[in-house]
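Participant: For reference, this is coords-v2.tsv, and it has TSV, C-alpha atoms and all ligand atoms.
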```tsv
chain	number	residue	atom	x	y	z
A	1	MET	CA	79.12	114.89	82.11
A	2	PRO	CA	81.93	114.07	84.54
A	3	ARG	CA	80.91	114.11	88.18
A	4	VAL	CA	82.61	115.00	91.43
A	5	VAL	CA	82.35	111.92	93.62
A	6	THR	CA	83.08	111.49	97.33
A	7	PHE	CA	83.50	107.98	98.69
A	8	HIS	CA	84.77	105.82	101.52
A	9	TYR	CA	86.73	102.70	100.72
A	10	THR	CA	88.46	99.67	102.13
A	11	LEU	CA	91.21	98.24	99.95
A	12	ARG	CA	92.16	94.56	100.14
A	13	ASP	CA	94.69	92.34	98.40
A	14	PRO	CA	93.65	88.96	96.90
A	15	SER	CA	94.15	87.22	100.27
A	16	GLY	CA	91.63	89.58	101.88
A	17	ARG	CA	94.22	91.49	103.89
A	18	VAL	CA	93.27	95.15	104.39
A	19	LEU	CA	95.90	97.36	102.73
A	20	ASP	CA	94.26	100.72	103.27
A	21	SER	CA	90.96	102.22	104.33
A	22	SER	CA	89.36	105.62	104.66
A	23	ALA	CA	87.13	104.38	107.50
A	24	GLY	CA	87.41	106.65	110.51
A	25	GLY	CA	88.97	109.40	108.41
A	26	ASP	CA	87.96	111.76	105.66
A	27	PRO	CA	86.42	110.27	102.52
A	28	ILE	CA	88.13	110.72	99.16
A	29	THR	CA	86.81	113.29	96.67
A	30	TYR	CA	87.77	113.21	93.02
A	31	LEU	CA	86.75	114.48	89.60
A	32	GLU	CA	85.88	111.66	87.22
A	33	GLY	CA	88.63	111.31	84.64
A	34	GLY	CA	90.87	113.75	86.54
A	35	GLY	CA	93.51	111.17	87.44
A	36	GLN	CA	93.19	111.63	91.21
A	37	ILE	CA	92.35	107.95	91.78
A	38	ILE	CA	93.56	104.90	89.91
A	39	GLU	CA	92.09	104.64	86.46
A	40	GLY	CA	90.52	101.19	86.92
A	41	LEU	CA	88.57	102.35	89.97
A	42	ASP	CA	87.46	105.61	88.33
A	43	ALA	CA	86.17	103.71	85.28
A	44	GLN	CA	84.17	101.18	87.30
A	45	LEU	CA	82.55	103.77	89.58
A	46	ARG	CA	81.09	105.73	86.65
A	47	GLY	CA	77.36	106.09	87.07
A	48	THR	CA	77.31	104.69	90.63
A	49	ALA	CA	74.77	106.67	92.63
A	50	ALA	CA	75.22	108.37	95.99
A	51	GLY	CA	74.48	105.94	98.81
A	52	ALA	CA	75.47	102.89	96.78
A	53	LYS	CA	77.82	100.29	98.22
A	54	THR	CA	79.76	98.30	95.68
A	55	ARG	CA	82.74	96.01	95.37
A	56	VAL	CA	85.19	96.89	92.60
A	57	GLN	CA	87.95	94.57	91.44
A	58	VAL	CA	90.87	96.25	89.71
A	59	PRO	CA	93.53	94.07	88.10
A	60	ALA	CA	97.11	95.15	88.76
A	61	ALA	CA	97.59	96.35	85.19
A	62	ARG	CA	94.84	98.95	85.71
A	63	ALA	CA	95.95	99.87	89.22
A	64	TYR	CA	99.67	100.32	89.97
A	65	GLY	CA	100.91	98.29	87.01
A	66	GLU	CA	102.53	94.91	86.70
A	67	HIS	CA	105.65	94.23	88.71
A	68	ASP	CA	108.68	95.13	86.58
A	69	PRO	CA	111.72	92.97	87.37
A	70	ASP	CA	113.98	95.58	85.73
A	71	GLN	CA	113.12	97.88	88.65
A	72	VAL	CA	114.74	95.52	91.15
A	73	HIS	CA	118.42	96.18	91.84
A	74	ARG	CA	120.97	94.30	93.89
A	75	VAL	CA	123.35	96.55	95.80
A	76	LYS	CA	126.00	96.12	98.47
A	77	ARG	CA	124.65	96.87	101.93
A	78	ASN	CA	127.62	99.08	102.75
A	79	LEU	CA	126.89	101.33	99.76
A	80	LEU	CA	123.50	102.33	101.17
A	81	PRO	CA	123.59	105.64	103.05
A	82	ILE	CA	121.43	104.25	105.83
A	83	GLU	CA	122.34	103.96	109.47
A	84	GLY	CA	121.19	101.10	111.62
A	85	GLU	CA	119.26	97.92	111.00
A	86	LEU	CA	117.55	97.20	107.67
A	87	GLN	CA	114.39	95.13	107.44
A	88	VAL	CA	112.56	93.62	104.50
A	89	GLY	CA	109.66	95.94	103.69
A	90	ASP	CA	111.45	99.11	104.77
A	91	GLN	CA	110.91	101.96	102.34
A	92	PHE	CA	113.02	104.99	101.77
A	93	GLN	CA	113.52	107.75	99.25
A	94	THR	CA	116.46	107.65	96.90
A	95	GLY	CA	117.07	111.39	97.04
A	96	ALA	CA	116.75	114.36	99.32
A	97	ASP	CA	113.53	115.89	98.05
A	98	ARG	CA	110.04	114.52	98.55
A	99	PHE	CA	109.56	113.73	94.87
A	100	SER	CA	112.48	111.33	94.78
A	101	PRO	CA	111.52	107.77	93.90
A	102	VAL	CA	110.69	105.45	96.79
A	103	VAL	CA	112.31	102.04	96.91
A	104	THR	CA	111.38	99.06	99.05
A	105	ILE	CA	113.79	96.55	100.52
A	106	ALA	CA	112.62	93.32	98.89
A	107	ALA	CA	115.25	91.00	100.38
A	108	ILE	CA	118.48	90.98	102.34
A	109	GLU	CA	120.97	88.34	101.24
A	110	GLY	CA	124.24	88.32	103.12
A	111	ASP	CA	125.95	91.65	102.50
A	112	GLU	CA	123.65	92.45	99.57
A	113	VAL	CA	120.24	94.09	99.49
A	114	LEU	CA	117.56	93.81	96.82
A	115	LEU	CA	115.97	97.21	96.24
A	116	ASP	CA	112.60	97.26	94.47
A	117	GLY	CA	111.74	100.52	92.69
A	118	ASN	CA	108.24	99.38	91.73
A	119	PRO	CA	105.29	101.02	93.46
A	120	PRO	CA	104.53	99.01	96.61
A	121	LEU	CA	101.25	97.74	95.10
A	122	ALA	CA	102.66	96.93	91.65
A	123	GLY	CA	101.57	93.47	90.55
A	124	VAL	CA	98.78	93.31	93.15
A	125	ASP	CA	95.16	92.81	92.07
A	126	LEU	CA	93.09	95.15	94.20
A	127	THR	CA	89.60	94.83	95.64
A	128	PHE	CA	87.85	97.99	96.81
A	129	ASP	CA	84.72	97.99	98.93
A	130	VAL	CA	83.31	101.40	98.15
A	131	GLU	CA	80.49	103.45	99.62
A	132	ILE	CA	79.56	106.49	97.57
A	133	VAL	CA	78.97	109.36	100.02
A	134	SER	CA	77.92	111.93	97.43
A	135	ALA	CA	78.05	112.57	93.72
A	136	ARG	CA	77.22	115.71	91.77
A	137	GLU	CA	77.91	117.16	88.35
A	138	ALA	CA	81.27	118.87	88.07
A	139	THR	CA	81.25	122.63	87.59
A	140	ALA	CA	82.74	124.24	84.50
A	141	GLU	CA	85.55	125.61	86.69
A	142	GLU	CA	86.38	122.16	88.06
A	143	LEU	CA	86.43	120.72	84.54
A	144	SER	CA	88.79	123.44	83.34
A	145	HIS	CA	91.10	122.88	86.35
A	146	GLY	CA	90.93	119.10	86.10
A	147	HIS	CA	90.18	118.52	89.79
A	148	ALA	CA	87.39	118.74	92.36
A	149	HIS	CA	86.81	121.86	94.44
A	150	GLY	CA	85.70	121.85	98.06
A	151	ALA	CA	83.30	124.27	99.72
A	152	GLU	CA	86.11	126.82	99.92
A	153	GLY	CA	86.73	126.63	96.18
A	154	CYS	CA	90.07	125.99	94.57
A	155	SER	CA	92.73	125.26	97.19
A	156	HIS	CA	95.63	126.08	94.89
A	157	GLU	CA	96.09	128.66	92.14
B	1	ZN	ZN	90.98	124.35	90.93
```
Now that the file is in, can you turn its structure into structure tokens?
Facilitator:
Amino acid sequence: MPRVVTFHYTLRDPSGRVLDSSAGGDPITYLEGGGQIIEGLDAQLRGTAAGAKTRVQVPAARAYGEHDPDQVHRVKRNLLPIEGELQVGDQFQTGADRFSPVVTIAAIEGDEVLLDGNPPLAGVDLTFDVEIVSAREATAEELSHGHAHGAEGCSHE
């Protein structure tokens, strides 16, 4: 039976640099197999009991995918609708609405800019230090909705 699992995590890249962490904030809650966390992490946390601390290594291919060079585009700086200074690592959306793809400035070469449309963590092998806060069997309603419910029930119709 799929479970609803709540956990804290610290995410590091292969050099040990912390990329993200839930420490000091709310833990993450997900339904196993529901697609709310990356597949490689979901798969490796199956069966891990509440209270357990574990380190999970997820290769890039099972996290945010390999880095796709076809998603990198070279454009003229003056064609970008951006005011002010650009810096490598800056991210911005390619359209007006919040679902527009995000691109990252990978390099600035003279009057040209390399825009990378890959997810920021594409091609990065990830290491998660995970502490399972709680785990319980999913309810029939959660299974039919495909996501975990909080104490207040379903937060969206
Ligand atoms: Zn629901």
Participant: Please identify every residue of chain A that has at least one atom no farther than 8 Å from an atom of ligand ZN 1 (chain B), counting all atoms listed in the file, and for each give the shortest atom pair and the distance in Å to one decimal, arranged by chain then increasing number, as a tab-separated table.
Facilitator:
```
residue	atom	partner	partner_atom	distance
A:Glu141	CA	B:ZN1	ZN	7.0
A:Glu142	CA	B:ZN1	ZN	5.8
A:Ser144	CA	B:ZN1	ZN	8.0
A:His145	CA	B:ZN1	ZN	4.8
A:Gly146	CA	B:ZN1	ZN	7.1
A:His147	CA	B:ZN1	ZN	6.0
A:Ala148	CA	B:ZN1	ZN	6.8
A:His149	CA	B:ZN1	ZN	6.0
A:Gly153	CA	B:ZN1	ZN	7.1
A:Cys154	CA	B:ZN1	ZN	4.1
A:Ser155	CA	B:ZN1	ZN	6.6
A:His156	CA	B:ZN1	ZN	6.3
A:Glu157	CA	B:ZN1	ZN	6.8
```
Participant: Give me the residues within 12 Å of Gly123 (chain A) as a PyMOL selection string, counting all atoms listed in the file and dropping any in the same chain fewer than 3 places off.
Facilitator: chain A and resi 13-14+58-69+118-120+126
Participant: Find the spatial neighbours of Arg74 (chain A), counting only C-alpha atoms, within a cut-off of 9 Å - ignore same-chain residues fewer than 3 positions away - and output them as a list in words.
Facilitator: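 Everything that qualifies: Glu112, Val113, Leu114, Leu115 and Asp116 of chain A.
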Participant: Find the distance between CA of Arg3 (chain A) and CA of Glu32 (chain A) and write it in Å to one decimal.
Facilitator: 5.6 Å
Participant: Which residue is closest to Ala43 (chain A)? Choose from A:Ala138, A:Val72, A:Ala107, A:Val56 and count only C-alpha atoms.
Facilitator: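 Using only C-alpha atoms, Ala43 (chain A) sits closest to A:Val56.
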Participant: I'd like to know which of A:Ile105, A:Leu143, A:Ala135, A:Leu41 is closest to Thr29 (chain A), using all atoms listed in the file.
Facilitator: A:Ala135
Participant: Excluding Asp20 (chain A) and its own-chain neighbours fewer than 2 positions away, which residues fall within 9 Å of it when counting only C-alpha atoms? Please give them as a list in words.
Facilitator: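 Non-adjacent residues within range: Tyr9, Thr10, Leu11, Arg12, Val18 and Ser22 of chain A.
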Participant: Which protein, DNA or RNA residues are at most 12 Å from (74.9, 112.9, 97.9) in the file's coordinates when you count only C-alpha atoms, listed as an MDAnalysis selection string?
Facilitator: chainID A and resid 3:7 29 48:52 131:137
Participant: Counting all atoms listed in the file, which residue out of A:Tyr30, A:Val102, A:Ile108, A:Val88 sits closest to Gln71 (chain A)?
Facilitator: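 Closest candidate: A:Val102.
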Participant: Produce the centre coordinates and the three edge lengths, each in Å to one decimal, of the box along x, y and z that contains all listed atoms of region 31-40 of chain A with 6 Å added on each side, as lines of an AutoDock Vina configuration file.
Facilitator:
```
center_x = 89.7
center_y = 107.8
center_z = 88.2
size_x = 19.7
size_y = 25.3
size_z = 19.1
```
Participant: Between A:Ala151, A:Val130, A:Ala140, A:Leu121, which residue has the minimum interatomic distance to His8 (chain A), considering all atoms listed in the file?
Facilitator: A:Val130
Participant: Please, what distance in Å, to one decimal, runs between CA of Ser15 (chain A) and CA of His73 (chain A)?
Facilitator: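 Here the two named atoms are 27.2 Å from each other.
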Participant: With all atoms listed in the file as the counted atoms, please give the residues lying no more than 9 Å from Pro101 (chain A), apart from itself and same-chain residues fewer than 5 positions off, as a PyMOL selection string.
Facilitator: chain A and resi 92-95+117
Participant: Work out how far apart CA of Arg77 (chain A) and CA of Asp111 (chain A) are and give it in Å to one decimal.
Facilitator: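 Separation between CA of Arg77 (chain A) and CA of Asp111 (chain A): 5.4 Å.
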Participant: Using only C-alpha atoms, find the one residue out of A:Phe99, A:Gly110, A:Lys53, A:Asp90 that sits nearest to Asn78 (chain A).
Facilitator: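 Closest candidate: A:Gly110.
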